There are 2 protein chains.
Amino acid sequence: MPTSLRDVAARAGVSVKTVSNVVNGYLHVSSATRARVQQALDELNYRPNLSARNLRNRRSGIVALALPELDLPYFAELTRCVIKAAEAKSWTVLIDQTDGLPDRESVVLQGIRDQLIDGLIFSPLATSREQILSRRDDTPMVLLGELVAEGSADHVVIDNVLAAREATEHLIGLGRRRIAAIGDQSRSDLGTAPLRLAGYKQALEGAGIPFDRSLVMPAASYHRADGAEAMQRLLDLPDPPDAVFCFTDLLALGALRTLLRRGVSVPEQIAVAGFDDIEDGRFATPSLTTIAPDKDELARVAVDLLASRIAGEPQAPPREVQASHQLVVRESTVGH
Amino acid sequence: MPTSLRDVAARAGVSVKTVSNVVNGYLHVSSATRARVQQALDELNYRPNLSARNLRNRRSGIVALALPELDLPYFAELTRCVIKAAEAKSWTVLIDQTDGLPDRESVVLQGIRDQLIDGLIFSPLATSREQILSRRDDTPMVLLGELVAEGSADHVVIDNVLAAREATEHLIGLGRRRIAAIGDQSRSDLGTAPLRLAGYKQALEGAGIPFDRSLVMPAASYHRADGAEAMQRLLDLPDPPDAVFCFTDLLALGALRTLLRRGVSVPEQIAVAGFDDIEDGRFATPSLTTIAPDKDELARVAVDLLASRIAGEPQAPPREVQASHQLVVRESTVGH
DNA sequence: CTCAGATATTGCAACGTTGTAAAGCGATTC
DNA sequence: GAATCGCTTTACAACGTTGCAATATCTGAG
């Protein structure tokens, strides 16, 4: 039986409200009373009942973070950033893994943990703009890392097209001409894949290199295995590439593995660039050139957007904020 | 303004309690009323207020998982398993990162999210048996992955000593004789490091190989960088090892990186074994021999222990359950 | 047509908290 | 010595839900 304000009040010989005042640091409490109450509080090891508090205050201090997979390093790192950013607002973050499944994302969108969470930060994978617009739940929401949502909800993104172009231009700048791409998601026009592909194409075009469809490798998902397998197929081409831009670091790490296995030297024979700047890439052999989104900024902006949405004008028009990114050049493109 | 039972009741022309009965699938509701209420429910898009429900039921359906770092792959993978296991009980998991810091672990122990969480699964790094015993919070708790807690609380472990011995014996079985260990935590006798060190020693002893203190490398933390650095020092020894047992896969991956950089062939010159079986190890070059704890089993057992503690006898004596593990032999010890 | 015995529905209270408004109580002022 | 003022403390209600116990309604037997 946990102790309640009532118990403490009884022991200290004051009213429940006075105890509440002490607990909440209300100003006008005489120091004598305060001391007495505090002692009772300590003796009984009082812990406020958060459910009751939330009910009363219509605010839980809990926000949900819905994302595809927690054991994808990018999302694990991003999660850490979000938790850190939320801490600054003394929020608790509740994590929801969707595995990128449409059903589960739809559940998230229609309202999870009803009226328990104050807000939602959502990184969708399989959700369309229409679905977002037809959302009935009115929990404040901020979308993370996608551009599909234009105009439908607050969201934070990085400039995927530009970033992909920069990565590809870096490869071109090294003198490469047969540049492959790994990670296309032909099945859908949602998500980041089309954007990164667009950036890749822009860079080729800018350099006057003809686009070669056969150098674009799809990836079923964004795991190492997909990258490894795609690289296999690229190497088996009659005229293999001299550089590869992978849409994620994990794909790139898979690709690296295939290259090392097949004895292809990186970056001499094939240069490899990734996207995400996950820790693994920094410690790969060779270390991985990549696009580093500013994850802390992404998280901070998302949390701030959500905070203002929670605090204020729920009907304000959706905002879109762009976080910065940076090309980080490492061994996989320029060697030691 | 979210809809409450009261709103629905008003629209359906019934009492609040009847709506509640419909929502909770109570048996004795006439189908006519049920239909009418259901329609009102749908029209108003009713969502129960979980705070109110929790307050009333003294049960939130939320359990906390406190662990050192979410972006350590082992914990990310374990988290996924815990979430999956919790789903079977329709629990929500709230994650708390301690970074292995004593202060934060102490906070966890003394009660986080008071009376919001029904239970706690805690993977401590810097917490002693005494601290656990002196805990005042009476939220049901299960410890995960440690053996420091003997007799102080429910906990789920794997047999670290045995597992480490098996890994080391595997190396010995390959004919290696100068076997190093990376990951000792000299600063404390908490946690798994001493156990794995003990298993390592047992294996040496069993094979009649003298224990050589200089082959045991400490690690400040369990990141790749620590493993990489420790391996540097081992290679600089006048008489370098012919095998290394790393206390975690991440350390092993760091060590591998150093070996590849220095042009030492694995496993020919030095065989490497890790511990954890994280996904990265499976896709490393060479792929990593490791001890694979059954993470699903660990999670499931932890959740079950917690469930029985929540449901039942809070004063029952602490139980200890051992989950299984398995040596997975890959290229880093036996080559292609 | 009555009455038991079901089934269906309801009002009330309570979970623990906090905002509001009012009351209690010294001290200061006239 | 009464009125006023500021500080301190309090009672009450309400947040949305559900268990309990009571009441209302219906069914069929006598």
# chains A, B, ... in the order shown; residues from 1 in each chain; ligands from 1
>>> interface_residues(of="chain B", to="chain C", cutoff="8 Å", atoms="only C-alpha atoms (C1' of nucleotides)", output="number ranges by chain")
B: 15, 17-18, 28-30, 55-58
>>> calpha_fit_and_write(fixed="chain B", moving="chain A", output="mmCIF file with C-alpha atoms, in the first residue's frame")
data_model
loop_
_atom_site.group_PDB
_atom_site.id
_atom_site.type_symbol
_atom_site.label_atom_id
_atom_site.label_comp_id
_atom_site.auth_asym_id
_atom_site.auth_seq_id
_atom_site.Cartn_x
_atom_site.Cartn_y
_atom_site.Cartn_z
ATOM 1 C CA MET A 1 -11.392 18.089 -25.260
ATOM 2 C CA PRO A 2 -11.291 14.346 -25.480
ATOM 3 C CA THR A 3 -14.565 12.517 -25.095
ATOM 4 C CA SER A 4 -15.273 10.788 -21.832
ATOM 5 C CA LEU A 5 -17.642 8.033 -20.875
ATOM 6 C CA ARG A 6 -20.016 10.712 -19.722
ATOM 7 C CA ASP A 7 -20.202 12.253 -23.195
ATOM 8 C CA VAL A 8 -20.852 8.921 -24.800
ATOM 9 C CA ALA A 9 -23.468 8.084 -22.202
ATOM 10 C CA ALA A 10 -25.278 11.332 -22.850
ATOM 11 C CA ARG A 11 -25.390 10.737 -26.566
ATOM 12 C CA ALA A 12 -26.498 7.137 -26.274
ATOM 13 C CA GLY A 13 -29.008 7.949 -23.569
ATOM 14 C CA VAL A 14 -27.699 5.464 -21.067
ATOM 15 C CA SER A 15 -25.740 5.614 -17.856
ATOM 16 C CA VAL A 16 -22.023 6.064 -17.692
ATOM 17 C CA LYS A 17 -21.629 2.612 -16.241
ATOM 18 C CA THR A 18 -23.401 0.997 -19.149
ATOM 19 C CA VAL A 19 -20.982 2.601 -21.543
ATOM 20 C CA SER A 20 -18.158 1.388 -19.378
ATOM 21 C CA ASN A 21 -19.676 -2.070 -19.534
ATOM 22 C CA VAL A 22 -19.766 -1.980 -23.296
ATOM 23 C CA VAL A 23 -16.223 -0.720 -23.509
ATOM 24 C CA ASN A 24 -15.015 -3.487 -21.249
ATOM 25 C CA GLY A 25 -16.986 -6.183 -22.988
ATOM 26 C CA TYR A 26 -19.131 -6.910 -19.970
ATOM 27 C CA LEU A 27 -21.475 -9.761 -20.750
ATOM 28 C CA HIS A 28 -24.926 -8.724 -19.665
ATOM 29 C CA VAL A 29 -25.658 -5.886 -22.034
ATOM 30 C CA SER A 30 -28.610 -6.218 -24.359
ATOM 31 C CA SER A 31 -27.608 -6.202 -27.969
ATOM 32 C CA ALA A 32 -29.833 -3.208 -28.667
ATOM 33 C CA THR A 33 -28.107 -1.100 -26.022
ATOM 34 C CA ARG A 34 -24.762 -2.384 -27.009
ATOM 35 C CA ALA A 35 -25.325 -1.339 -30.605
ATOM 36 C CA ARG A 36 -26.528 2.092 -29.628
ATOM 37 C CA VAL A 37 -23.616 2.648 -27.314
ATOM 38 C CA GLN A 38 -21.174 1.323 -29.832
ATOM 39 C CA GLN A 39 -22.421 3.790 -32.374
ATOM 40 C CA ALA A 40 -22.014 6.679 -29.994
ATOM 41 C CA LEU A 41 -18.574 5.384 -29.154
ATOM 42 C CA ASP A 42 -17.623 5.398 -32.796
ATOM 43 C CA GLU A 43 -19.184 8.715 -33.601
ATOM 44 C CA LEU A 44 -17.406 10.423 -30.778
ATOM 45 C CA ASN A 45 -14.192 8.477 -31.347
ATOM 46 C CA TYR A 46 -14.023 7.588 -27.698
ATOM 47 C CA ARG A 47 -10.632 6.773 -26.199
ATOM 48 C CA PRO A 48 -10.447 5.669 -22.603
ATOM 49 C CA ASN A 49 -8.412 7.886 -20.331
ATOM 50 C CA LEU A 50 -5.623 5.646 -19.191
ATOM 51 C CA SER A 51 -4.653 7.807 -16.256
ATOM 52 C CA ALA A 52 -8.127 7.525 -14.827
ATOM 53 C CA ARG A 53 -8.198 3.844 -15.501
ATOM 54 C CA ASN A 54 -4.841 3.324 -13.895
ATOM 55 C CA LEU A 55 -5.855 5.321 -10.888
ATOM 56 C CA ARG A 56 -8.948 3.254 -10.459
ATOM 57 C CA ASN A 57 -7.373 -0.100 -11.178
ATOM 58 C CA ARG A 58 -4.055 0.504 -9.432
ATOM 59 C CA ARG A 59 -2.407 -1.027 -12.442
ATOM 60 C CA SER A 60 -0.933 0.782 -15.380
ATOM 61 C CA GLY A 61 0.181 -1.908 -17.736
ATOM 62 C CA ILE A 62 3.515 -0.129 -17.943
ATOM 63 C CA VAL A 63 6.786 -1.641 -16.873
ATOM 64 C CA ALA A 64 10.128 0.093 -16.936
ATOM 65 C CA LEU A 65 13.256 -1.362 -18.427
ATOM 66 C CA ALA A 66 16.348 0.299 -17.021
ATOM 67 C CA LEU A 67 19.574 -0.410 -18.791
ATOM 68 C CA PRO A 68 22.956 1.152 -19.385
ATOM 69 C CA GLU A 69 22.925 2.172 -23.027
ATOM 70 C CA LEU A 70 20.376 1.724 -25.691
ATOM 71 C CA ASP A 71 22.828 2.212 -28.496
ATOM 72 C CA LEU A 72 24.963 -0.639 -27.364
ATOM 73 C CA PRO A 73 23.780 -3.289 -29.805
ATOM 74 C CA TYR A 74 23.483 -5.950 -27.134
ATOM 75 C CA PHE A 75 21.072 -3.855 -25.147
ATOM 76 C CA ALA A 76 19.207 -2.723 -28.228
ATOM 77 C CA GLU A 77 18.643 -6.339 -29.180
ATOM 78 C CA LEU A 78 17.748 -7.293 -25.655
ATOM 79 C CA THR A 79 15.306 -4.421 -25.500
ATOM 80 C CA ARG A 80 13.577 -5.680 -28.579
ATOM 81 C CA CYS A 81 13.234 -9.071 -26.949
ATOM 82 C CA VAL A 82 11.852 -7.572 -23.766
ATOM 83 C CA ILE A 83 9.337 -5.500 -25.671
ATOM 84 C CA LYS A 84 8.266 -8.578 -27.562
ATOM 85 C CA ALA A 85 7.907 -10.591 -24.378
ATOM 86 C CA ALA A 86 6.007 -7.767 -22.707
ATOM 87 C CA GLU A 87 3.662 -7.552 -25.646
ATOM 88 C CA ALA A 88 2.477 -11.043 -24.888
ATOM 89 C CA LYS A 89 1.222 -9.657 -21.597
ATOM 90 C CA SER A 90 0.028 -6.495 -23.329
ATOM 91 C CA TRP A 91 2.374 -4.409 -21.316
ATOM 92 C CA THR A 92 3.993 -1.233 -22.458
ATOM 93 C CA VAL A 93 7.688 -0.902 -21.828
ATOM 94 C CA LEU A 94 9.169 2.349 -20.711
ATOM 95 C CA ILE A 95 12.899 2.566 -21.206
ATOM 96 C CA ASP A 96 15.310 4.254 -18.901
ATOM 97 C CA GLN A 97 18.960 4.736 -19.796
ATOM 98 C CA THR A 98 21.318 4.889 -16.876
ATOM 99 C CA ASP A 99 24.582 5.087 -18.829
ATOM 100 C CA GLY A 100 25.824 2.809 -16.107
ATOM 101 C CA LEU A 101 26.181 5.807 -13.804
ATOM 102 C CA PRO A 102 25.880 5.034 -10.095
ATOM 103 C CA ASP A 103 23.674 8.075 -9.422
ATOM 104 C CA ARG A 104 21.226 7.224 -12.118
ATOM 105 C CA GLU A 105 21.106 3.588 -11.167
ATOM 106 C CA SER A 106 20.459 4.608 -7.616
ATOM 107 C CA VAL A 107 17.546 6.745 -8.749
ATOM 108 C CA VAL A 108 16.153 3.794 -10.636
ATOM 109 C CA LEU A 109 16.467 1.633 -7.583
ATOM 110 C CA GLN A 110 14.778 4.109 -5.294
ATOM 111 C CA GLY A 111 11.777 4.326 -7.521
ATOM 112 C CA ILE A 112 11.235 6.000 -10.827
ATOM 113 C CA ARG A 113 7.902 6.970 -12.238
ATOM 114 C CA ASP A 114 6.285 6.363 -8.929
ATOM 115 C CA GLN A 115 3.209 4.289 -8.990
ATOM 116 C CA LEU A 116 3.066 4.676 -12.698
ATOM 117 C CA ILE A 117 4.978 1.554 -13.485
ATOM 118 C CA ASP A 118 3.770 -1.825 -12.374
ATOM 119 C CA GLY A 119 7.230 -3.275 -12.346
ATOM 120 C CA LEU A 120 10.857 -2.810 -13.195
ATOM 121 C CA ILE A 121 13.347 -4.828 -15.169
ATOM 122 C CA PHE A 122 16.759 -3.567 -14.251
ATOM 123 C CA SER A 123 20.109 -4.286 -15.760
ATOM 124 C CA PRO A 124 22.557 -2.719 -13.317
ATOM 125 C CA LEU A 125 26.178 -1.992 -13.937
ATOM 126 C CA ALA A 126 27.325 -0.069 -10.914
ATOM 127 C CA THR A 127 24.951 -1.221 -8.222
ATOM 128 C CA SER A 128 26.006 -3.416 -5.348
ATOM 129 C CA ARG A 129 24.121 -6.128 -3.556
ATOM 130 C CA GLU A 130 23.896 -3.949 -0.460
ATOM 131 C CA GLN A 131 22.264 -1.153 -2.365
ATOM 132 C CA ILE A 132 19.709 -3.535 -3.747
ATOM 133 C CA LEU A 133 18.972 -4.900 -0.318
ATOM 134 C CA SER A 134 18.496 -1.427 1.124
ATOM 135 C CA ARG A 135 15.977 -0.472 -1.506
ATOM 136 C CA ARG A 136 12.887 1.194 -0.056
ATOM 137 C CA ASP A 137 10.723 1.277 -3.132
ATOM 138 C CA ASP A 138 8.479 -1.745 -3.302
ATOM 139 C CA THR A 139 7.740 -1.801 -6.988
ATOM 140 C CA PRO A 140 8.267 -5.378 -8.144
ATOM 141 C CA MET A 141 11.692 -5.705 -9.704
ATOM 142 C CA VAL A 142 13.621 -8.259 -11.698
ATOM 143 C CA LEU A 143 17.330 -7.943 -12.300
ATOM 144 C CA LEU A 144 18.716 -8.818 -15.652
ATOM 145 C CA GLY A 145 22.083 -10.122 -16.570
ATOM 146 C CA GLU A 146 24.033 -9.872 -13.375
ATOM 147 C CA LEU A 147 25.002 -12.184 -10.622
ATOM 148 C CA VAL A 148 25.938 -9.625 -8.011
ATOM 149 C CA ALA A 149 22.486 -9.726 -6.582
ATOM 150 C CA GLU A 150 22.409 -13.158 -5.131
ATOM 151 C CA GLY A 151 19.557 -13.491 -2.726
ATOM 152 C CA SER A 152 18.581 -9.865 -2.859
ATOM 153 C CA ALA A 153 16.046 -9.856 -5.672
ATOM 154 C CA ASP A 154 14.644 -11.920 -8.490
ATOM 155 C CA HIS A 155 17.114 -12.145 -11.282
ATOM 156 C CA VAL A 156 17.782 -13.735 -14.617
ATOM 157 C CA VAL A 157 21.275 -14.503 -15.702
ATOM 158 C CA ILE A 158 23.273 -16.680 -17.951
ATOM 159 C CA ASP A 159 26.108 -18.736 -16.595
ATOM 160 C CA ASN A 160 28.840 -16.246 -17.359
ATOM 161 C CA VAL A 161 31.607 -18.318 -15.853
ATOM 162 C CA LEU A 162 30.694 -21.409 -17.815
ATOM 163 C CA ALA A 163 30.156 -19.471 -21.023
ATOM 164 C CA ALA A 164 33.508 -17.736 -20.733
ATOM 165 C CA ARG A 165 35.146 -21.059 -20.026
ATOM 166 C CA GLU A 166 33.566 -22.597 -23.098
ATOM 167 C CA ALA A 167 34.726 -19.769 -25.305
ATOM 168 C CA THR A 168 38.246 -20.045 -23.970
ATOM 169 C CA GLU A 169 38.232 -23.822 -24.226
ATOM 170 C CA HIS A 170 37.217 -23.466 -27.848
ATOM 171 C CA LEU A 171 40.341 -21.368 -28.442
ATOM 172 C CA ILE A 172 42.453 -23.877 -26.580
ATOM 173 C CA GLY A 173 40.896 -26.642 -28.636
ATOM 174 C CA LEU A 174 42.216 -24.926 -31.744
ATOM 175 C CA GLY A 175 45.700 -25.388 -30.384
ATOM 176 C CA ARG A 176 46.178 -21.860 -29.138
ATOM 177 C CA ARG A 177 48.269 -21.439 -26.038
ATOM 178 C CA ARG A 178 48.896 -17.729 -25.585
ATOM 179 C CA ILE A 179 45.346 -16.602 -25.072
ATOM 180 C CA ALA A 180 44.662 -13.007 -24.119
ATOM 181 C CA ALA A 181 41.513 -11.572 -22.552
ATOM 182 C CA ILE A 182 40.105 -8.132 -23.244
ATOM 183 C CA GLY A 183 37.517 -6.435 -21.077
ATOM 184 C CA ASP A 184 38.585 -6.770 -17.487
ATOM 185 C CA GLN A 185 37.105 -4.169 -15.194
ATOM 186 C CA SER A 186 39.717 -3.983 -12.495
ATOM 187 C CA ARG A 187 37.995 -1.064 -10.802
ATOM 188 C CA SER A 188 35.175 -3.120 -9.400
ATOM 189 C CA ASP A 189 34.085 -6.579 -8.512
ATOM 190 C CA LEU A 190 30.568 -5.932 -9.714
ATOM 191 C CA GLY A 191 29.168 -6.973 -13.005
ATOM 192 C CA THR A 192 30.053 -9.673 -15.421
ATOM 193 C CA ALA A 193 33.715 -8.927 -15.992
ATOM 194 C CA PRO A 194 34.999 -10.855 -12.957
ATOM 195 C CA LEU A 195 32.793 -13.789 -13.880
ATOM 196 C CA ARG A 196 34.045 -13.941 -17.424
ATOM 197 C CA LEU A 197 37.581 -13.565 -16.205
ATOM 198 C CA ALA A 198 36.997 -16.451 -13.816
ATOM 199 C CA GLY A 199 35.721 -18.644 -16.630
ATOM 200 C CA TYR A 200 38.733 -17.725 -18.708
ATOM 201 C CA LYS A 201 41.056 -18.669 -15.890
ATOM 202 C CA GLN A 202 39.251 -21.946 -15.290
ATOM 203 C CA ALA A 203 39.714 -22.932 -18.899
ATOM 204 C CA LEU A 204 43.422 -22.137 -18.817
ATOM 205 C CA GLU A 205 43.840 -24.041 -15.626
ATOM 206 C CA GLY A 206 41.923 -26.991 -16.995
ATOM 207 C CA ALA A 207 44.321 -27.132 -19.916
ATOM 208 C CA GLY A 208 47.372 -26.655 -17.772
ATOM 209 C CA ILE A 209 48.210 -23.285 -19.301
ATOM 210 C CA PRO A 210 49.740 -20.874 -16.800
ATOM 211 C CA PHE A 211 47.796 -17.686 -16.223
ATOM 212 C CA ASP A 212 49.684 -14.667 -17.533
ATOM 213 C CA ARG A 213 48.509 -11.410 -15.987
ATOM 214 C CA SER A 214 50.047 -9.361 -18.803
ATOM 215 C CA LEU A 215 47.642 -10.941 -21.284
ATOM 216 C CA VAL A 216 44.596 -9.590 -19.460
ATOM 217 C CA MET A 217 43.635 -6.210 -20.835
ATOM 218 C CA PRO A 218 41.294 -3.902 -18.966
ATOM 219 C CA ALA A 219 38.662 -1.937 -20.824
ATOM 220 C CA ALA A 220 37.374 1.378 -19.615
ATOM 221 C CA SER A 221 34.018 0.677 -21.216
ATOM 222 C CA TYR A 222 32.696 -1.890 -23.644
ATOM 223 C CA HIS A 223 32.922 0.075 -26.861
ATOM 224 C CA ARG A 224 34.768 -0.707 -30.044
ATOM 225 C CA ALA A 225 37.438 1.862 -29.288
ATOM 226 C CA ASP A 226 38.381 0.099 -26.079
ATOM 227 C CA GLY A 227 38.787 -3.180 -27.872
ATOM 228 C CA ALA A 228 40.813 -1.591 -30.638
ATOM 229 C CA GLU A 229 43.139 0.045 -28.190
ATOM 230 C CA ALA A 230 43.583 -3.029 -26.040
ATOM 231 C CA MET A 231 44.501 -5.017 -29.122
ATOM 232 C CA GLN A 232 47.130 -2.443 -29.994
ATOM 233 C CA ARG A 233 48.792 -3.000 -26.684
ATOM 234 C CA LEU A 234 48.615 -6.752 -27.041
ATOM 235 C CA LEU A 235 50.289 -6.607 -30.426
ATOM 236 C CA ASP A 236 53.038 -4.440 -29.007
ATOM 237 C CA LEU A 237 53.868 -7.049 -26.427
ATOM 238 C CA PRO A 238 57.243 -8.733 -26.890
ATOM 239 C CA ASP A 239 55.432 -12.037 -27.181
ATOM 240 C CA PRO A 240 51.948 -11.309 -28.590
ATOM 241 C CA PRO A 241 49.040 -13.730 -28.124
ATOM 242 C CA ASP A 242 47.790 -16.232 -30.670
ATOM 243 C CA ALA A 243 44.180 -15.869 -29.561
ATOM 244 C CA VAL A 244 41.966 -13.343 -27.795
ATOM 245 C CA PHE A 245 38.813 -13.798 -25.827
ATOM 246 C CA CYS A 246 36.908 -10.533 -25.666
ATOM 247 C CA PHE A 247 34.304 -10.059 -22.955
ATOM 248 C CA THR A 248 31.892 -8.505 -25.445
ATOM 249 C CA ASP A 249 31.405 -8.565 -29.184
ATOM 250 C CA LEU A 250 31.900 -4.845 -29.412
ATOM 251 C CA LEU A 251 35.336 -5.178 -27.882
ATOM 252 C CA ALA A 252 36.023 -8.010 -30.292
ATOM 253 C CA LEU A 253 34.967 -5.921 -33.260
ATOM 254 C CA GLY A 254 37.315 -3.176 -32.132
ATOM 255 C CA ALA A 255 40.071 -5.744 -31.774
ATOM 256 C CA LEU A 256 39.361 -7.115 -35.241
ATOM 257 C CA ARG A 257 39.719 -3.671 -36.664
ATOM 258 C CA THR A 258 43.182 -3.256 -35.157
ATOM 259 C CA LEU A 259 44.204 -6.668 -36.424
ATOM 260 C CA LEU A 260 43.071 -5.934 -39.950
ATOM 261 C CA ARG A 261 44.822 -2.569 -39.877
ATOM 262 C CA ARG A 262 48.032 -4.064 -38.704
ATOM 263 C CA GLY A 263 47.776 -6.791 -41.303
ATOM 264 C CA VAL A 264 47.494 -9.584 -38.789
ATOM 265 C CA SER A 265 45.491 -12.414 -40.315
ATOM 266 C CA VAL A 266 42.482 -13.717 -38.426
ATOM 267 C CA PRO A 267 42.221 -16.485 -37.412
ATOM 268 C CA GLU A 268 45.541 -17.746 -38.821
ATOM 269 C CA GLN A 269 47.813 -15.625 -36.657
ATOM 270 C CA ILE A 270 45.341 -14.623 -33.988
ATOM 271 C CA ALA A 271 41.948 -16.153 -33.327
ATOM 272 C CA VAL A 272 39.254 -13.920 -31.866
ATOM 273 C CA ALA A 273 36.168 -14.800 -29.860
ATOM 274 C CA GLY A 274 33.560 -12.461 -28.456
ATOM 275 C CA PHE A 275 30.513 -12.545 -26.239
ATOM 276 C CA ASP A 276 26.913 -11.410 -26.863
ATOM 277 C CA ASP A 277 26.206 -12.481 -30.439
ATOM 278 C CA ILE A 278 25.182 -9.086 -31.703
ATOM 279 C CA GLU A 279 24.122 -8.743 -35.294
ATOM 280 C CA ASP A 280 27.227 -6.783 -36.237
ATOM 281 C CA GLY A 281 29.374 -9.744 -35.353
ATOM 282 C CA ARG A 282 27.550 -11.946 -37.806
ATOM 283 C CA PHE A 283 28.359 -9.540 -40.590
ATOM 284 C CA ALA A 284 31.855 -8.592 -39.626
ATOM 285 C CA THR A 285 34.810 -9.629 -41.730
ATOM 286 C CA PRO A 286 35.688 -12.187 -40.628
ATOM 287 C CA SER A 287 32.423 -13.091 -38.950
ATOM 288 C CA LEU A 288 32.777 -13.369 -35.227
ATOM 289 C CA THR A 289 32.851 -16.492 -33.092
ATOM 290 C CA THR A 290 30.929 -15.695 -29.964
ATOM 291 C CA ILE A 291 28.877 -16.777 -27.004
ATOM 292 C CA ALA A 292 25.218 -16.311 -27.817
ATOM 293 C CA PRO A 293 23.031 -15.811 -24.771
ATOM 294 C CA ASP A 294 19.449 -16.727 -25.518
ATOM 295 C CA LYS A 295 18.130 -13.191 -25.424
ATOM 296 C CA ASP A 296 14.572 -14.184 -26.103
ATOM 297 C CA GLU A 297 14.673 -16.581 -23.218
ATOM 298 C CA LEU A 298 16.287 -14.016 -20.943
ATOM 299 C CA ALA A 299 13.584 -11.522 -21.778
ATOM 300 C CA ARG A 300 10.752 -13.974 -21.507
ATOM 301 C CA VAL A 301 11.895 -15.282 -18.149
ATOM 302 C CA ALA A 302 12.390 -11.767 -16.829
ATOM 303 C CA VAL A 303 8.919 -10.776 -17.901
ATOM 304 C CA ASP A 304 7.415 -13.920 -16.440
ATOM 305 C CA LEU A 305 9.176 -13.483 -13.136
ATOM 306 C CA LEU A 306 7.986 -9.923 -13.013
ATOM 307 C CA ALA A 307 4.465 -10.914 -13.896
ATOM 308 C CA SER A 308 4.249 -13.423 -11.102
ATOM 309 C CA ARG A 309 5.719 -10.901 -8.720
ATOM 310 C CA ILE A 310 3.177 -8.308 -9.765
ATOM 311 C CA ALA A 311 0.283 -10.706 -9.666
ATOM 312 C CA GLY A 312 1.129 -12.516 -6.534
ATOM 313 C CA GLU A 313 3.225 -13.046 -3.552
ATOM 314 C CA PRO A 314 5.365 -9.957 -3.162
ATOM 315 C CA GLN A 315 7.127 -11.390 -0.151
ATOM 316 C CA ALA A 316 8.190 -14.669 -1.689
ATOM 317 C CA PRO A 317 11.928 -15.285 -1.481
ATOM 318 C CA PRO A 318 14.008 -13.998 -4.396
ATOM 319 C CA ARG A 319 14.361 -16.410 -7.243
ATOM 320 C CA GLU A 320 17.248 -16.827 -9.611
ATOM 321 C CA VAL A 321 16.774 -18.238 -13.063
ATOM 322 C CA GLN A 322 19.454 -19.166 -15.504
ATOM 323 C CA ALA A 323 18.876 -18.721 -19.202
ATOM 324 C CA SER A 324 20.800 -20.736 -21.705
ATOM 325 C CA HIS A 325 23.624 -19.761 -23.987
ATOM 326 C CA GLN A 326 25.511 -21.309 -26.809
ATOM 327 C CA LEU A 327 28.911 -21.121 -28.416
ATOM 328 C CA VAL A 328 28.575 -20.002 -32.025
ATOM 329 C CA VAL A 329 31.671 -20.773 -34.048
ATOM 330 C CA ARG A 330 32.350 -18.506 -37.004
ATOM 331 C CA GLU A 331 35.227 -17.350 -39.150
ATOM 332 C CA SER A 332 37.173 -15.395 -36.577
ATOM 333 C CA THR A 333 38.354 -18.613 -34.994
ATOM 334 C CA VAL A 334 38.110 -21.271 -37.668
ATOM 335 C CA GLY A 335 38.361 -19.337 -40.938
ATOM 336 C CA HIS A 336 36.218 -19.901 -43.980
#
>>> select_by_dssp(residues="segment 143-305 of chain B", states="alpha helix (DSSP H)", output="ChimeraX atom specification")
/B:160-173,193-206,224-235,249-261,279-282,295-305
>>> select_by_dssp(residues="segment 213-296 of chain A", states="strand (DSSP E or B)", output="PyMOL selection string")
chain A and resi 216-218+243-246+271-275+289-293
>>> write_last_selection(atoms="C-alpha atoms", output="PDB file, in the first residue's frame")
ATOM      1  CA  VAL A 216      20.863   1.091 -59.143  1.00  0.00           C
ATOM      2  CA  MET A 217      20.366  -1.780 -56.745  1.00  0.00           C
ATOM      3  CA  PRO A 218      17.168  -2.181 -54.768  1.00  0.00           C
ATOM      4  CA  ALA A 243      32.218   3.631 -56.645  1.00  0.00           C
ATOM      5  CA  VAL A 244      29.047   2.958 -54.671  1.00  0.00           C
ATOM      6  CA  PHE A 245      26.744   5.291 -52.862  1.00  0.00           C
ATOM      7  CA  CYS A 246      24.727   3.381 -50.292  1.00  0.00           C
ATOM      8  CA  ALA A 271      35.049   3.723 -53.296  1.00  0.00           C
ATOM      9  CA  VAL A 272      32.148   3.418 -50.872  1.00  0.00           C
ATOM     10  CA  ALA A 273      30.010   6.095 -49.264  1.00  0.00           C
ATOM     11  CA  GLY A 274      27.136   5.645 -46.861  1.00  0.00           C
ATOM     12  CA  PHE A 275      24.484   7.690 -45.131  1.00  0.00           C
ATOM     13  CA  THR A 289      32.710   8.014 -45.611  1.00  0.00           C
ATOM     14  CA  THR A 290      29.172   9.091 -44.954  1.00  0.00           C
ATOM     15  CA  ILE A 291      26.552  11.776 -44.683  1.00  0.00           C
ATOM     16  CA  ALA A 292      26.141  12.720 -41.049  1.00  0.00           C
ATOM     17  CA  PRO A 293      22.735  14.141 -40.219  1.00  0.00           C
TER      18      PRO A 293
END
>>> closest_atom_pairs(of="chain D", to="chain B", cutoff="7 Å", atoms="only C-alpha atoms (C1' of nucleotides)", output="tab-separated table")
residue	atom	partner	partner_atom	distance
D:DG16	C1'	B:Ala52	CA	5.0
D:DT17	C1'	B:Arg53	CA	5.1
D:DT18	C1'	B:Arg56	CA	6.7
